[in-house]
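Visitor: Structure incoming, see below.
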Amino acid sequence: MSALIDILWDGLAPHGLSWIGFYIDRPAEPSDRRLILGPRRDKPACSPIGLHGVCGQSLLARTPIIVKDVRTLGAKYIACDPLDLSEIVIPCFASDGTIWGVLDADSHIAGHFTNDDQVQLIEMLESAALSTRAGPD
């Protein structure tokens, strides 16, 4: 996980990425403390976080989420950096189809993330053996 985060940070930070990291699921914890911070770059972030935010919603829905403007989310947005304006979250699937966590990336630029970014991040997770092509139940 750390190696992939370093590669993504080095390649994407110069182009508008403000933060990237993993949140790891702990299903036995209460829903407001379920996701804990894993490897990340380049600054601290909120941890633990609940399922009401974009990371939790991506985990529960088992699908990637791109948010063009986080200001539209209201209480559904967990703001670790008030300068962030857009976000992408990719669920990470184990070989048995369960989700072990999510990859989360933020930008200070509204509309920064695209469907192409989503496809490329999924491919990188798979290439790094951190996710499989499991789909929604």
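Ordering of the structure tokens sets the chain letters (A, B, ...); residue numbers start at 1 within each chain; ligands are numbered from 1 in the order shown.
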Contacts of region 101-110 of chain A at 7 Å or less, counting only C-alpha atoms, minus same-chain residues fewer than 2 places along, as a PyMOL selection string?
Guide: chain A and resi 16-25+55+59+68-69+83-92+99+112
Visitor: If you run DSSP on this backbone, which residues of chain A come out as alpha helix (DSSP H), and could you give them as a PyMOL selection string?
Guide: chain A and resi 2-12+54-61+115-127
Visitor: Please save N, CA and C atoms of the selected residues as a CSV table (one decimal), in the first residue's frame.
Guide:
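Written output follows (part.csv):
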```csv
chain,number,residue,atom,x,y,z
A,2,SER,N,1.9,1.3,0.8
A,2,SER,CA,2.7,2.5,0.9
A,2,SER,C,3.4,2.7,-0.4
A,3,ALA,N,3.9,1.7,-1.0
A,3,ALA,CA,4.6,1.9,-2.3
A,3,ALA,C,3.7,2.4,-3.4
A,4,LEU,N,2.5,2.0,-3.4
A,4,LEU,CA,1.6,2.5,-4.4
A,4,LEU,C,1.2,4.0,-4.1
A,5,ILE,N,1.0,4.3,-2.8
A,5,ILE,CA,0.7,5.7,-2.5
A,5,ILE,C,1.9,6.6,-2.9
A,6,ASP,N,3.1,6.1,-2.6
A,6,ASP,CA,4.3,7.0,-3.0
A,6,ASP,C,4.3,7.2,-4.5
A,7,ILE,N,4.1,6.1,-5.3
A,7,ILE,CA,4.1,6.3,-6.8
A,7,ILE,C,3.0,7.2,-7.2
A,8,LEU,N,1.8,7.1,-6.7
A,8,LEU,CA,0.7,7.9,-7.1
A,8,LEU,C,0.9,9.4,-6.7
A,9,TRP,N,1.4,9.6,-5.5
A,9,TRP,CA,1.7,10.9,-5.0
A,9,TRP,C,2.8,11.6,-5.9
A,10,ASP,N,3.9,10.9,-6.1
A,10,ASP,CA,4.9,11.5,-6.9
A,10,ASP,C,4.5,11.8,-8.3
A,11,GLY,N,3.6,11.0,-8.9
A,11,GLY,CA,3.1,11.3,-10.3
A,11,GLY,C,2.0,12.3,-10.3
A,12,LEU,N,1.1,12.3,-9.3
A,12,LEU,CA,-0.1,13.1,-9.4
A,12,LEU,C,-0.1,14.5,-8.6
A,54,VAL,N,-18.0,10.3,2.1
A,54,VAL,CA,-17.8,9.7,0.7
A,54,VAL,C,-17.1,8.4,0.8
A,55,CYS,N,-16.1,8.3,1.7
A,55,CYS,CA,-15.4,7.0,1.8
A,55,CYS,C,-16.3,5.9,2.3
A,56,GLY,N,-17.1,6.2,3.3
A,56,GLY,CA,-18.1,5.2,3.8
A,56,GLY,C,-19.2,4.9,2.8
A,57,GLN,N,-19.6,5.9,2.0
A,57,GLN,CA,-20.7,5.6,1.0
A,57,GLN,C,-20.1,4.8,-0.1
A,58,SER,N,-18.9,5.0,-0.5
A,58,SER,CA,-18.3,4.2,-1.5
A,58,SER,C,-18.1,2.7,-1.1
A,59,LEU,N,-17.7,2.6,0.2
A,59,LEU,CA,-17.6,1.2,0.8
A,59,LEU,C,-18.9,0.5,0.8
A,60,LEU,N,-19.9,1.2,1.3
A,60,LEU,CA,-21.2,0.6,1.4
A,60,LEU,C,-21.9,0.2,0.1
A,61,ALA,N,-21.7,1.1,-0.9
A,61,ALA,CA,-22.3,1.0,-2.2
A,61,ALA,C,-21.4,0.0,-3.1
A,115,ASN,N,-13.6,10.3,-15.1
A,115,ASN,CA,-13.8,8.9,-15.2
A,115,ASN,C,-12.6,8.1,-15.7
A,116,ASP,N,-11.7,8.8,-16.5
A,116,ASP,CA,-10.4,8.2,-16.8
A,116,ASP,C,-9.5,8.0,-15.6
A,117,ASP,N,-9.6,9.0,-14.7
A,117,ASP,CA,-8.8,8.8,-13.4
A,117,ASP,C,-9.3,7.6,-12.7
A,118,GLN,N,-10.6,7.4,-12.6
A,118,GLN,CA,-11.2,6.3,-11.9
A,118,GLN,C,-10.7,5.0,-12.6
A,119,VAL,N,-10.8,4.8,-13.9
A,119,VAL,CA,-10.3,3.6,-14.6
A,119,VAL,C,-8.8,3.4,-14.3
A,120,GLN,N,-8.0,4.4,-14.4
A,120,GLN,CA,-6.6,4.2,-14.1
A,120,GLN,C,-6.3,3.9,-12.7
A,121,LEU,N,-7.0,4.4,-11.7
A,121,LEU,CA,-6.7,4.1,-10.3
A,121,LEU,C,-7.1,2.6,-10.1
A,122,ILE,N,-8.2,2.2,-10.6
A,122,ILE,CA,-8.7,0.8,-10.5
A,122,ILE,C,-7.6,-0.1,-11.1
A,123,GLU,N,-7.1,0.2,-12.2
A,123,GLU,CA,-6.1,-0.6,-12.9
A,123,GLU,C,-4.8,-0.7,-12.1
A,124,MET,N,-4.4,0.5,-11.5
A,124,MET,CA,-3.2,0.5,-10.7
A,124,MET,C,-3.4,-0.4,-9.4
A,125,LEU,N,-4.6,-0.3,-8.8
A,125,LEU,CA,-4.8,-1.1,-7.6
A,125,LEU,C,-4.8,-2.6,-7.9
A,126,GLU,N,-5.3,-2.9,-9.1
A,126,GLU,CA,-5.3,-4.3,-9.5
A,126,GLU,C,-3.8,-4.8,-9.9
A,127,SER,N,-3.1,-3.9,-10.5
A,127,SER,CA,-1.7,-4.2,-10.9
A,127,SER,C,-0.8,-4.4,-9.6
```
Visitor: Within 7 Å of Asp32 (chain A), counting only C-alpha atoms, which residues show up once you throw out same-chain ones fewer than 6 positions away? Write them as a list in words, please.
Guide: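 Surrounding residues, per the criterion: Ile49, Gly50 and Leu51 of chain A.
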Visitor: Could you dump the residues just selected with N, CA and C atoms as a PDB file, in the first residue's frame?
Guide:
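See selection09.pdb below for the written result:
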```
ATOM      1  N   ILE A  49     -12.901   7.480  10.825  1.00  0.00           N
ATOM      2  CA  ILE A  49     -14.045   8.184  10.260  1.00  0.00           C
ATOM      3  C   ILE A  49     -15.219   7.213  10.133  1.00  0.00           C
ATOM      4  N   GLY A  50     -16.397   7.788  10.100  1.00  0.00           N
ATOM      5  CA  GLY A  50     -17.611   6.993   9.993  1.00  0.00           C
ATOM      6  C   GLY A  50     -17.996   6.725   8.555  1.00  0.00           C
ATOM      7  N   LEU A  51     -19.136   6.110   8.406  1.00  0.00           N
ATOM      8  CA  LEU A  51     -19.619   5.706   7.092  1.00  0.00           C
ATOM      9  C   LEU A  51     -20.475   6.763   6.403  1.00  0.00           C
TER      10      LEU A  51
END
```
Visitor: CA of Pro44 (chain A) and CA of Arg26 (chain A), how far apart in Å?
Guide: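 These atoms are spaced 19.7 Å apart.
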Visitor: So which one's closest to Cys80 (chain A), A:Gly97, A:Gly53, A:Pro14, A:Pro64? Using only C-alpha atoms, please.
Guide: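 Under the stated criterion, the closest residue is A:Gly53.
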Visitor: Applying 7 Å and only C-alpha atoms, which residues near Thr132 (chain A) remain after dropping the ones on its own chain fewer than 6 positions away? List them as a VMD selection string.
Guide: chain A and resid 93 to 95 126
Visitor: Calculate how many Å separate CA of Pro27 (chain A) from CA of Val70 (chain A), rounding to one decimal.
Guide: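 Interatomic distance, CA of Pro27 (chain A) to CA of Val70 (chain A): 25.7 Å.
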Visitor: If you run DSSP over the backbone, which residues in region 2-133 of chain A end up strand (DSSP E)? Put them as a ChimeraX atom specification.
Guide: /A:17-25,35-41,65-67,86-93,99-107
Visitor: Find the residue from A:Trp100, A:Arg71, A:Ala13, A:Thr63 that sits nearest to Asp42 (chain A); use only C-alpha atoms when measuring.
Guide: A:Ala13
